[in-house]
>>> print(open('upload00.csv').read())   # CSV, C-alpha atoms and all ligand atoms
chain,number,residue,atom,x,y,z
A,1,MET,CA,0.0,0.0,0.0
A,2,ALA,CA,1.2,3.4,-0.9
A,3,LEU,CA,-0.2,5.4,2.1
A,4,PRO,CA,1.6,5.7,5.4
A,5,ALA,CA,0.5,3.7,8.5
A,6,ALA,CA,-1.2,6.8,9.9
A,7,ALA,CA,-3.7,6.6,7.1
A,8,TYR,CA,-5.2,3.5,8.7
A,9,LEU,CA,-7.1,3.0,11.9
A,10,ASP,CA,-9.1,0.3,13.7
A,11,LEU,CA,-12.6,1.5,13.6
A,12,THR,CA,-13.2,-1.3,16.0
A,13,PRO,CA,-11.1,-4.4,16.8
A,14,GLY,CA,-10.9,-6.5,13.6
A,15,LEU,CA,-12.0,-3.7,11.3
A,16,CYS,CA,-9.1,-1.6,10.0
A,17,ILE,CA,-10.1,1.3,7.6
A,18,CYS,CA,-8.4,3.9,5.5
A,19,ARG,CA,-9.2,7.2,7.2
A,20,VAL,CA,-10.2,8.7,3.9
A,21,LEU,CA,-13.0,6.6,2.5
A,22,ASN,CA,-14.1,6.6,-1.1
A,23,GLY,CA,-17.8,7.8,-1.3
A,24,LEU,CA,-20.1,6.3,-4.0
A,25,TRP,CA,-23.1,8.6,-3.9
A,26,GLN,CA,-21.2,10.1,-6.8
A,27,VAL,CA,-22.1,7.1,-9.0
A,28,SER,CA,-25.8,7.4,-8.4
A,29,GLY,CA,-26.5,9.3,-11.6
A,30,ALA,CA,-27.0,12.8,-10.1
A,31,HIS,CA,-23.3,13.7,-10.5
A,32,GLY,CA,-22.7,13.0,-14.2
A,33,ALA,CA,-23.1,9.7,-16.2
A,34,ILE,CA,-20.7,7.0,-14.9
A,35,ASP,CA,-19.6,4.4,-17.5
A,36,PRO,CA,-19.8,1.0,-15.7
A,37,ARG,CA,-16.8,-0.2,-17.8
A,38,ALA,CA,-14.7,2.6,-16.4
A,39,ALA,CA,-15.9,2.2,-12.9
A,40,VAL,CA,-14.1,-1.0,-11.9
A,41,PRO,CA,-10.7,0.0,-13.3
A,42,ALA,CA,-11.1,3.3,-11.4
A,43,MET,CA,-11.9,1.4,-8.2
A,44,LEU,CA,-8.8,-0.7,-8.6
A,45,ALA,CA,-6.7,2.5,-8.9
A,46,TYR,CA,-8.1,3.8,-5.6
A,47,HIS,CA,-7.5,0.4,-4.0
A,48,ASP,CA,-3.9,0.1,-5.3
A,49,ALA,CA,-3.2,3.6,-4.0
A,50,GLY,CA,-4.2,2.5,-0.5
A,51,PHE,CA,-7.7,3.9,-0.4
A,52,THR,CA,-9.3,0.5,0.6
A,53,THR,CA,-12.5,1.6,2.3
A,54,TRP,CA,-15.8,2.4,0.4
A,55,ASP,CA,-18.9,4.1,1.6
A,56,LEU,CA,-22.1,3.4,-0.3
A,57,ALA,CA,-25.8,2.8,0.2
A,58,ASP,CA,-28.6,0.6,-1.1
A,59,HIS,CA,-30.1,3.5,-3.0
A,60,TYR,CA,-26.9,4.9,-4.6
A,61,GLY,CA,-27.8,3.6,-8.1
A,62,PRO,CA,-25.3,0.8,-9.1
A,63,ALA,CA,-22.9,1.4,-6.1
A,64,GLU,CA,-23.5,-2.0,-4.4
A,65,ASP,CA,-23.2,-3.8,-7.8
A,66,PHE,CA,-19.9,-1.9,-8.5
A,67,ILE,CA,-18.6,-3.3,-5.2
A,68,GLY,CA,-19.5,-6.8,-6.4
A,69,ASP,CA,-17.9,-6.2,-9.8
A,70,PHE,CA,-14.8,-4.7,-8.2
A,71,ARG,CA,-14.4,-7.6,-5.7
A,72,ARG,CA,-14.7,-10.2,-8.5
A,73,ALA,CA,-12.1,-8.3,-10.6
A,74,LEU,CA,-9.8,-8.0,-7.6
A,75,ALA,CA,-10.0,-11.7,-6.8
A,76,ARG,CA,-9.4,-12.6,-10.5
A,77,GLU,CA,-6.4,-10.3,-10.9
A,78,ARG,CA,-4.8,-10.4,-7.5
A,79,GLY,CA,-6.1,-13.6,-6.0
A,80,VAL,CA,-8.8,-14.2,-3.4
A,81,ALA,CA,-6.6,-13.2,-0.5
A,82,ALA,CA,-6.6,-9.6,-1.8
A,83,LEU,CA,-10.3,-9.3,-0.8
A,84,ALA,CA,-9.2,-9.2,2.9
A,85,ASN,CA,-8.0,-5.7,2.3
A,86,VAL,CA,-11.3,-4.3,1.1
A,87,GLN,CA,-13.8,-2.7,3.4
A,88,ALA,CA,-17.3,-1.8,2.0
A,89,PHE,CA,-19.8,0.0,4.2
A,90,THR,CA,-23.3,0.2,2.8
A,91,LYS,CA,-26.5,1.7,4.2
A,92,TRP,CA,-30.1,0.6,4.6
A,93,VAL,CA,-32.6,3.5,4.2
A,94,PRO,CA,-36.1,2.1,4.5
A,95,LEU,CA,-39.3,4.1,4.2
A,96,PRO,CA,-41.0,4.9,7.5
A,97,GLY,CA,-43.8,2.6,8.7
A,98,LYS,CA,-44.1,-0.8,10.3
A,99,ILE,CA,-40.9,-2.8,9.8
A,100,THR,CA,-41.0,-6.6,9.8
A,101,ARG,CA,-38.2,-9.1,10.3
A,102,GLN,CA,-38.8,-10.5,6.8
A,103,GLN,CA,-38.4,-7.0,5.3
A,104,VAL,CA,-35.1,-6.4,7.1
A,105,THR,CA,-33.8,-9.8,6.2
A,106,ALA,CA,-34.7,-9.3,2.5
A,107,ALA,CA,-33.0,-5.9,2.4
A,108,ILE,CA,-29.8,-7.3,3.9
A,109,ASN,CA,-29.8,-10.3,1.7
A,110,THR,CA,-30.1,-8.0,-1.4
A,111,SER,CA,-27.1,-6.0,-0.3
A,112,LEU,CA,-25.1,-9.2,0.4
A,113,ARG,CA,-26.0,-10.5,-3.1
A,114,ARG,CA,-25.2,-7.3,-4.9
A,115,MET,CA,-21.9,-6.7,-3.1
A,116,ASP,CA,-21.0,-10.3,-3.4
A,117,VAL,CA,-19.9,-10.6,0.2
A,118,PRO,CA,-20.6,-13.3,2.8
A,119,ALA,CA,-21.3,-10.6,5.5
A,120,LEU,CA,-21.6,-6.8,5.5
A,121,ASP,CA,-18.5,-5.2,7.1
A,122,LEU,CA,-20.7,-2.3,8.4
A,123,LEU,CA,-24.3,-1.6,7.9
A,124,GLN,CA,-25.3,2.0,8.5
A,125,PHE,CA,-29.0,2.6,9.2
A,126,HIS,CA,-30.9,5.7,8.3
A,127,TRP,CA,-34.4,6.7,9.5
A,128,TRP,CA,-36.5,9.5,8.2
A,129,GLU,CA,-39.0,10.1,10.9
A,130,TYR,CA,-38.3,10.1,14.7
A,131,ALA,CA,-42.0,10.4,15.5
A,132,ASP,CA,-42.3,6.9,14.0
A,133,PRO,CA,-40.8,4.5,16.6
A,134,HIS,CA,-40.5,1.6,14.2
A,135,TYR,CA,-36.8,2.4,13.8
A,136,LEU,CA,-36.2,0.6,17.1
A,137,ASP,CA,-37.8,-2.6,15.7
A,138,ALA,CA,-35.6,-2.2,12.6
A,139,LEU,CA,-32.5,-2.0,14.8
A,140,ASP,CA,-33.6,-5.0,16.8
A,141,TYR,CA,-33.9,-7.1,13.7
A,142,LEU,CA,-30.5,-5.8,12.4
A,143,ALA,CA,-28.9,-6.8,15.7
A,144,GLU,CA,-30.4,-10.3,15.1
A,145,LEU,CA,-28.9,-10.5,11.7
A,146,GLN,CA,-25.6,-9.4,13.2
A,147,ALA,CA,-25.8,-12.2,15.7
A,148,ALA,CA,-26.6,-14.6,12.8
A,149,GLY,CA,-23.3,-13.4,11.0
A,150,LYS,CA,-24.8,-11.5,8.1
A,151,ILE,CA,-23.6,-8.1,9.4
A,152,ARG,CA,-20.3,-7.7,11.1
A,153,HIS,CA,-20.9,-4.3,12.7
A,154,LEU,CA,-23.8,-1.9,13.0
A,155,ALA,CA,-23.7,1.9,12.6
A,156,LEU,CA,-26.1,4.8,12.0
A,157,THR,CA,-26.2,7.7,9.6
A,158,ASN,CA,-27.7,11.1,10.3
A,159,PHE,CA,-28.9,10.4,13.8
A,160,ASP,CA,-28.9,13.2,16.3
A,161,THR,CA,-27.4,12.9,19.8
A,162,ALA,CA,-30.7,12.4,21.5
A,163,HIS,CA,-31.8,9.5,19.4
A,164,LEU,CA,-28.3,8.0,19.3
A,165,GLN,CA,-28.6,7.9,23.1
A,166,ILE,CA,-32.0,6.1,23.0
A,167,ILE,CA,-30.5,3.5,20.7
A,168,ILE,CA,-27.4,3.0,22.9
A,169,GLU,CA,-29.5,2.7,26.0
A,170,ARG,CA,-31.6,0.0,24.2
A,171,GLY,CA,-28.3,-2.0,24.0
A,172,ILE,CA,-27.9,-1.9,20.2
A,173,PRO,CA,-24.1,-2.2,19.6
A,174,ILE,CA,-23.5,0.9,17.4
A,175,ILE,CA,-19.9,1.6,16.5
A,176,ALA,CA,-20.3,4.6,14.2
A,177,ASN,CA,-22.5,7.4,13.1
A,178,GLN,CA,-22.1,9.0,9.7
A,179,VAL,CA,-22.8,12.8,9.7
A,180,GLN,CA,-22.1,15.9,7.8
A,181,TYR,CA,-19.0,17.6,9.2
A,182,SER,CA,-16.9,20.3,7.5
A,183,LEU,CA,-15.3,23.6,8.2
A,184,ILE,CA,-18.6,25.1,7.1
A,185,ASP,CA,-20.9,22.7,9.0
A,186,GLN,CA,-19.4,22.1,12.4
A,187,ARG,CA,-22.6,21.0,14.2
A,188,PRO,CA,-21.1,17.6,15.3
A,189,ALA,CA,-18.7,19.6,17.5
A,190,VAL,CA,-21.6,20.9,19.6
A,191,ARG,CA,-23.0,17.7,21.2
A,192,MET,CA,-22.3,14.7,19.0
A,193,ALA,CA,-18.6,14.4,19.3
A,194,GLU,CA,-18.5,14.4,23.1
A,195,PHE,CA,-21.3,11.8,23.3
A,196,CYS,CA,-19.5,9.6,20.8
A,197,GLN,CA,-16.2,9.8,22.7
A,198,ALA,CA,-18.0,8.9,25.9
A,199,HIS,CA,-19.6,5.8,24.3
A,200,ASN,CA,-16.7,4.7,22.0
A,201,ILE,CA,-18.6,5.5,18.8
A,202,ALA,CA,-16.7,6.8,15.8
A,203,LEU,CA,-17.8,9.5,13.4
A,204,LEU,CA,-17.5,9.0,9.7
A,205,THR,CA,-18.0,12.3,8.0
A,206,TYR,CA,-19.4,13.5,4.6
A,207,GLY,CA,-19.6,16.9,3.0
A,208,SER,CA,-16.1,17.6,4.4
A,209,LEU,CA,-15.3,19.1,0.9
A,210,ALA,CA,-18.7,20.5,0.5
A,211,GLY,CA,-19.1,18.7,-2.8
A,212,GLY,CA,-15.8,20.2,-4.0
A,213,LEU,CA,-16.7,23.8,-3.0
A,214,LEU,CA,-13.9,23.6,-0.4
A,215,SER,CA,-11.2,23.3,-3.0
A,216,ASP,CA,-8.9,25.5,-5.1
A,217,ARG,CA,-11.2,25.2,-8.1
A,218,TRP,CA,-13.7,27.7,-6.6
A,219,LEU,CA,-11.2,30.3,-5.2
A,220,GLY,CA,-11.7,33.6,-6.9
A,221,GLN,CA,-14.7,32.4,-8.8
A,222,PRO,CA,-17.9,34.4,-9.1
A,223,GLU,CA,-20.9,33.0,-7.2
A,224,PRO,CA,-22.3,30.1,-9.3
A,225,GLY,CA,-25.9,29.9,-10.3
A,226,ARG,CA,-27.9,26.7,-10.1
A,227,ARG,CA,-26.9,25.7,-13.6
A,228,ASP,CA,-23.2,26.0,-12.9
A,229,LEU,CA,-23.5,23.5,-10.1
A,230,ASP,CA,-23.4,20.4,-12.2
A,231,THR,CA,-23.6,17.7,-9.4
A,232,ALA,CA,-26.3,17.1,-6.8
A,233,SER,CA,-23.5,17.3,-4.2
A,234,LEU,CA,-22.5,20.9,-5.2
A,235,GLY,CA,-26.1,21.9,-5.1
A,236,LYS,CA,-26.6,20.4,-1.7
A,237,TYR,CA,-23.6,22.1,-0.1
A,238,LYS,CA,-24.1,25.5,-1.9
A,239,GLN,CA,-27.4,25.7,0.1
A,240,MET,CA,-25.4,25.0,3.3
A,241,VAL,CA,-22.9,27.7,2.3
A,242,ASP,CA,-25.9,30.1,1.8
A,243,VAL,CA,-27.3,29.4,5.3
A,244,TRP,CA,-23.8,29.5,6.9
A,245,GLY,CA,-22.6,32.8,5.6
A,246,GLY,CA,-22.7,33.1,1.8
A,247,TRP,CA,-20.3,33.2,-1.1
A,248,GLU,CA,-18.2,36.1,0.1
A,249,LEU,CA,-17.4,34.3,3.4
A,250,LEU,CA,-16.7,31.1,1.5
A,251,GLN,CA,-14.2,33.1,-0.6
A,252,THR,CA,-12.5,34.4,2.6
A,253,LEU,CA,-12.3,30.8,3.9
A,254,LEU,CA,-10.9,29.5,0.5
A,255,GLY,CA,-8.2,32.3,0.6
A,256,THR,CA,-7.2,31.2,4.1
A,257,LEU,CA,-7.2,27.5,3.2
A,258,LYS,CA,-4.9,28.3,0.2
A,259,GLY,CA,-2.5,30.2,2.5
A,260,VAL,CA,-2.3,27.1,4.8
A,261,ALA,CA,-2.1,24.7,1.9
A,262,ASP,CA,0.8,26.6,0.2
A,263,LYS,CA,2.7,26.6,3.4
A,264,HIS,CA,2.5,22.8,3.6
A,265,HIS,CA,2.8,22.2,-0.2
A,266,VAL,CA,-0.6,20.5,-0.4
A,267,SER,CA,-4.0,21.6,-1.8
A,268,SER,CA,-6.8,23.5,0.0
A,269,ALA,CA,-8.9,20.3,-0.3
A,270,ASP,CA,-6.2,18.5,1.7
A,271,VAL,CA,-6.4,21.1,4.4
A,272,ALA,CA,-10.2,20.9,4.5
A,273,VAL,CA,-10.0,17.1,4.9
A,274,ARG,CA,-7.1,17.2,7.4
A,275,ALA,CA,-9.0,19.7,9.6
A,276,ILE,CA,-11.9,17.4,10.0
A,277,LEU,CA,-9.8,14.2,10.4
A,278,ASP,CA,-8.2,15.9,13.4
A,279,ARG,CA,-11.5,16.6,15.1
A,280,ALA,CA,-12.6,14.7,18.2
A,281,ALA,CA,-14.3,11.4,17.6
A,282,VAL,CA,-13.7,11.5,13.8
A,283,ALA,CA,-12.4,8.2,12.5
A,284,GLY,CA,-12.7,8.9,8.8
A,285,VAL,CA,-13.6,11.4,6.2
A,286,ILE,CA,-15.6,10.2,3.1
A,287,VAL,CA,-14.6,11.9,-0.1
A,288,GLY,CA,-16.9,11.5,-3.1
A,289,ALA,CA,-15.4,9.7,-6.1
A,290,ARG,CA,-16.9,10.2,-9.6
A,291,LEU,CA,-15.5,7.0,-10.9
A,292,GLY,CA,-14.1,7.3,-14.4
A,293,LEU,CA,-15.1,11.0,-14.6
A,294,ALA,CA,-12.7,12.7,-12.2
A,295,GLU,CA,-10.1,11.5,-9.7
A,296,HIS,CA,-7.9,13.2,-7.0
A,297,ILE,CA,-6.0,10.2,-5.8
A,298,ASN,CA,-2.5,11.7,-5.7
A,299,ASP,CA,-3.7,14.9,-4.2
A,300,THR,CA,-5.8,13.2,-1.5
A,301,ALA,CA,-2.9,11.0,-0.5
A,302,ARG,CA,-1.1,14.2,0.6
A,303,VAL,CA,-3.7,14.5,3.4
A,304,PHE,CA,-1.3,12.1,5.2
A,305,THR,CA,1.9,14.0,4.6
A,306,PHE,CA,1.4,17.0,6.8
A,307,ALA,CA,0.0,18.3,10.1
A,308,LEU,CA,-1.9,21.5,10.8
A,309,ASP,CA,-0.2,23.6,13.5
A,310,ASP,CA,-1.8,26.1,16.0
A,311,ALA,CA,-1.3,29.0,13.7
A,312,ASP,CA,-3.1,27.2,10.9
A,313,ARG,CA,-6.0,26.2,13.1
A,314,ALA,CA,-6.3,29.8,14.5
A,315,ALA,CA,-6.3,31.3,11.0
A,316,ILE,CA,-9.1,28.9,9.9
A,317,ALA,CA,-11.1,29.4,13.1
A,318,ALA,CA,-10.9,33.2,12.7
A,319,VAL,CA,-12.9,32.8,9.4
A,320,THR,CA,-15.3,30.0,10.4
A,321,ALA,CA,-16.2,31.9,13.6
A,322,GLN,CA,-17.8,34.5,11.3
A,323,GLY,CA,-20.3,32.0,10.0
A,324,ARG,CA,-23.8,31.6,11.4
A,325,ASP,CA,-24.5,29.1,14.1
A,326,LEU,CA,-25.9,26.1,12.1
A,327,PHE,CA,-26.8,24.1,15.2
A,328,ALA,CA,-29.1,26.9,16.3
A,329,ARG,CA,-30.5,27.4,12.7
A,330,ILE,CA,-30.9,23.8,11.6
A,331,GLY,CA,-30.5,21.6,14.7
A,332,ASP,CA,-28.2,18.7,15.6
A,333,CYS,CA,-26.8,16.3,13.0
A,334,GLY,CA,-29.2,15.1,10.4
A,335,ALA,CA,-32.0,17.6,11.3
A,336,GLU,CA,-32.0,18.8,7.7
A,337,TYR,CA,-33.3,15.4,6.6
A,338,ARG,CA,-36.3,15.6,9.0
A,339,ARG,CA,-38.2,18.8,8.3
A,401,LIG,N1,-25.1,9.7,4.9
A,401,LIG,C1,-25.5,10.6,4.1
A,401,LIG,O1,-26.7,11.2,4.3
A,401,LIG,C2,-24.6,11.1,3.1
A,401,LIG,C3,-24.9,12.3,2.4
A,401,LIG,C4,-24.0,12.8,1.4
A,401,LIG,C5,-22.9,12.1,1.2
A,401,LIG,N2,-22.6,10.9,1.8
A,401,LIG,C6,-21.4,10.1,1.6
A,401,LIG,O2,-20.3,11.0,1.5
A,401,LIG,C7,-19.7,10.9,0.2
A,401,LIG,C8,-19.1,12.2,-0.2
A,401,LIG,O3,-20.1,12.9,-0.9
A,401,LIG,P1,-20.3,14.5,-0.7
A,401,LIG,O4,-21.5,14.7,-1.5
A,401,LIG,O5,-20.3,14.8,0.7
A,401,LIG,O6,-19.1,15.1,-1.5
A,401,LIG,P2,-17.7,15.6,-1.1
A,401,LIG,O7,-16.9,14.5,-0.7
A,401,LIG,O8,-17.8,16.8,-0.1
A,401,LIG,O9,-17.2,16.2,-2.5
A,401,LIG,C9,-16.9,15.3,-3.5
A,401,LIG,C10,-16.3,16.1,-4.7
A,401,LIG,O10,-15.2,16.9,-4.2
A,401,LIG,C11,-14.3,17.1,-5.3
A,401,LIG,N3,-13.0,16.7,-4.8
A,401,LIG,C12,-12.6,15.5,-4.2
A,401,LIG,N4,-11.3,15.5,-3.9
A,401,LIG,C13,-10.8,16.7,-4.3
A,401,LIG,C14,-9.5,17.3,-4.3
A,401,LIG,N5,-8.5,16.7,-3.8
A,401,LIG,N6,-9.4,18.5,-4.9
A,401,LIG,C15,-10.4,19.1,-5.5
A,401,LIG,N7,-11.7,18.6,-5.5
A,401,LIG,C16,-11.9,17.4,-4.9
A,401,LIG,C17,-14.7,16.1,-6.4
A,401,LIG,O11,-15.3,16.9,-7.5
A,401,LIG,P3,-15.1,16.5,-9.0
A,401,LIG,O12,-15.6,15.1,-9.1
A,401,LIG,O13,-15.9,17.4,-9.8
A,401,LIG,O14,-13.6,16.6,-9.3
A,401,LIG,C18,-15.8,15.3,-5.8
A,401,LIG,O15,-16.8,14.9,-6.7
A,401,LIG,C19,-20.8,10.3,-0.7
A,401,LIG,O16,-20.3,9.6,-1.8
A,401,LIG,C20,-21.5,9.3,0.2
A,401,LIG,O17,-20.7,8.1,0.3
A,401,LIG,C21,-23.5,10.5,2.8
>>> encode(input="upload00.csv", output="structure tokens")
Amino acid sequence: MALPAAAYLDLTPGLCICRVLNGLWQVSGAHGAIDPRAAVPAMLAYHDAGFTTWDLADHYGPAEDFIGDFRRALARERGVAALANVQAFTKWVPLPGKITRQQVTAAINTSLRRMDVPALDLLQFHWWEYADPHYLDALDYLAELQAAGKIRHLALTNFDTAHLQIIIERGIPIIANQVQYSLIDQRPAVRMAEFCQAHNIALLTYGSLAGGLLSDRWLGQPEPGRRDLDTASLGKYKQMVDVWGGWELLQTLLGTLKGVADKHHVSSADVAVRAILDRAAVAGVIVGARLGLAEHINDTARVFTFALDDADRAAIAAVTAQGRDLFARIGDCGAEYRR
């Protein structure tokens, strides 16, 4: 593997991950057309560069099938033993309403089949409606499937601290929660991170590059209109920028990131990722990968070549402190999915 040892971490005993995960929402169709023939070679390139951990979901278009194709290609080209170095984390995102054991079993069996794995490394559960308590039934059934060996580890995505607490108190063995966390959206630092540290739960973060807005590409650029934002991800995080402080403040942040980046001979995106990797409770940052359309492998590898110092952190904080309080405006982690 080409990345240093510090790029890897035990998410829990027996589950070592790369701290920068490859995100596959970007293959869902809303981020440009992905050619399936280009996807697997692109996945092999990430894997060979040391980026061995994948984040996906049952509803990210062909993402689970791509993992299956990739695993078969890897076994064919490098031998079956190479599969031990792949970690693939999917999600189950059911509609609200009554949840049956059969429904949960069928959903997990579908992911197992599509991903061509004997057991899911990590299953991240999302729920749309806290007022509907069936999420607790769903988690009980998922825990049964874990005991039966179909799921190795259970996690959540977009749960707030209050509901994470309810789930932990029920005895569901949650090891991670996947949340939005960036220099723009720092809501997890308010309550979530402390709770996670106290309960040995890791944070996996998304949006840490704000769909790419937190990169040198956008420094000095005029404010984009809707049509200039050509991925669903850019559209999603531009809205967050607007709530946070707007384009001018983003430009100030990008200027500061560039200064820090130049000092360390890395890119602004590297600084944005490093800043979140260093936060309390954060085990990994997920960076979206538009397989076959764009890649940033060499640049992202530089995340592991430098450390931010106090002056860097102070310079960045001086800008982010000017943003609005998103916890007060939106609520705790995931509140934007539940309005
Ligand atoms: N749980 C949830 O609800 C949830 C929600 C959203 C996302 N996610 C997960 O998080 C992943 C990340 O997605 P995201 O939407 O949050 O996007 P993101 O990671 O913030 O941004 C991804 C985009 O950033 C750009 N980029 C990446 N590395 C770069 C670099 N070194 N320099 C410059 N630009 C760079 C790329 O743009 P180009 O491709 O244009 O080069 C890429 O498409 C998803 O795939 C998914 O796995 C989860």
>>> residues_around(input="upload00.csv", residues="Ile172 of chain A", least_positions_apart="3", cutoff="10 Å", atoms="all atoms listed in the file", output="list in words")
Leu136, Leu139, Asp140, Leu142, Ala143, Leu154, Ala155, Leu164, Ile166, Ile167, Ile168, Glu169 and Ile175 of chain A
>>> closest_residue(input="upload00.csv", among="A:Thr231, A:Thr256, A:Gln186, A:Asn158", to="Ala280 of chain A", atoms="only C-alpha atoms")
A:Gln186
>>> residues_near_ligand(input="upload00.csv", ligand="ligand LIG 401 (chain A)", cutoff="6 Å", atoms="all atoms listed in the file", output="ChimeraX atom specification")
/A:23-26,55-56,157,178,206-212,215,233,269,286-290,294,296,299-300
>>> closest_residue(input="upload00.csv", among="A:Ala6, A:Ala57, A:Leu254, A:Leu293", to="Gly220 of chain A", atoms="only C-alpha atoms")
A:Leu254
>>> closest_residue(input="upload00.csv", among="A:Gln197, A:Gln322, A:Thr12, A:Thr161", to="Ile184 of chain A", atoms="all atoms listed in the file")
A:Gln322
>>> residues_around(input="upload00.csv", residues="Leu15 of chain A", least_positions_apart="4", cutoff="9 Å", atoms="all atoms listed in the file", output="PyMOL selection string")
chain A and resi 9-11+87+121
>>> atom_distance(input="upload00.csv", atom1="atom CA of Leu277 of chain A", atom2="atom CA of Arg71 of chain A")
27.5 Å
>>> decode(input="upload00.csv", residues="segment 213-245 of chain A", atoms="C-alpha atoms", output="PDB file, in the first residue's frame")
ATOM      1  CA  LEU A 213     -16.654  23.846  -3.026  1.00  0.00           C
ATOM      2  CA  LEU A 214     -13.892  23.594  -0.419  1.00  0.00           C
ATOM      3  CA  SER A 215     -11.156  23.289  -3.026  1.00  0.00           C
ATOM      4  CA  ASP A 216      -8.895  25.547  -5.061  1.00  0.00           C
ATOM      5  CA  ARG A 217     -11.218  25.165  -8.054  1.00  0.00           C
ATOM      6  CA  TRP A 218     -13.654  27.688  -6.571  1.00  0.00           C
ATOM      7  CA  LEU A 219     -11.176  30.256  -5.200  1.00  0.00           C
ATOM      8  CA  GLY A 220     -11.721  33.599  -6.884  1.00  0.00           C
ATOM      9  CA  GLN A 221     -14.727  32.367  -8.817  1.00  0.00           C
ATOM     10  CA  PRO A 222     -17.945  34.411  -9.062  1.00  0.00           C
ATOM     11  CA  GLU A 223     -20.922  32.993  -7.198  1.00  0.00           C
ATOM     12  CA  PRO A 224     -22.288  30.109  -9.284  1.00  0.00           C
ATOM     13  CA  GLY A 225     -25.891  29.928 -10.345  1.00  0.00           C
ATOM     14  CA  ARG A 226     -27.892  26.727 -10.129  1.00  0.00           C
ATOM     15  CA  ARG A 227     -26.905  25.680 -13.644  1.00  0.00           C
ATOM     16  CA  ASP A 228     -23.191  26.042 -12.866  1.00  0.00           C
ATOM     17  CA  LEU A 229     -23.488  23.498 -10.062  1.00  0.00           C
ATOM     18  CA  ASP A 230     -23.365  20.352 -12.159  1.00  0.00           C
ATOM     19  CA  THR A 231     -23.570  17.726  -9.412  1.00  0.00           C
ATOM     20  CA  ALA A 232     -26.254  17.083  -6.791  1.00  0.00           C
ATOM     21  CA  SER A 233     -23.492  17.334  -4.229  1.00  0.00           C
ATOM     22  CA  LEU A 234     -22.491  20.881  -5.240  1.00  0.00           C
ATOM     23  CA  GLY A 235     -26.147  21.923  -5.146  1.00  0.00           C
ATOM     24  CA  LYS A 236     -26.648  20.426  -1.692  1.00  0.00           C
ATOM     25  CA  TYR A 237     -23.639  22.134  -0.108  1.00  0.00           C
ATOM     26  CA  LYS A 238     -24.109  25.470  -1.881  1.00  0.00           C
ATOM     27  CA  GLN A 239     -27.372  25.671   0.055  1.00  0.00           C
ATOM     28  CA  MET A 240     -25.430  25.003   3.252  1.00  0.00           C
ATOM     29  CA  VAL A 241     -22.939  27.749   2.337  1.00  0.00           C
ATOM     30  CA  ASP A 242     -25.852  30.135   1.841  1.00  0.00           C
ATOM     31  CA  VAL A 243     -27.297  29.362   5.284  1.00  0.00           C
ATOM     32  CA  TRP A 244     -23.831  29.531   6.866  1.00  0.00           C
ATOM     33  CA  GLY A 245     -22.551  32.849   5.551  1.00  0.00           C
TER      34      GLY A 245
END
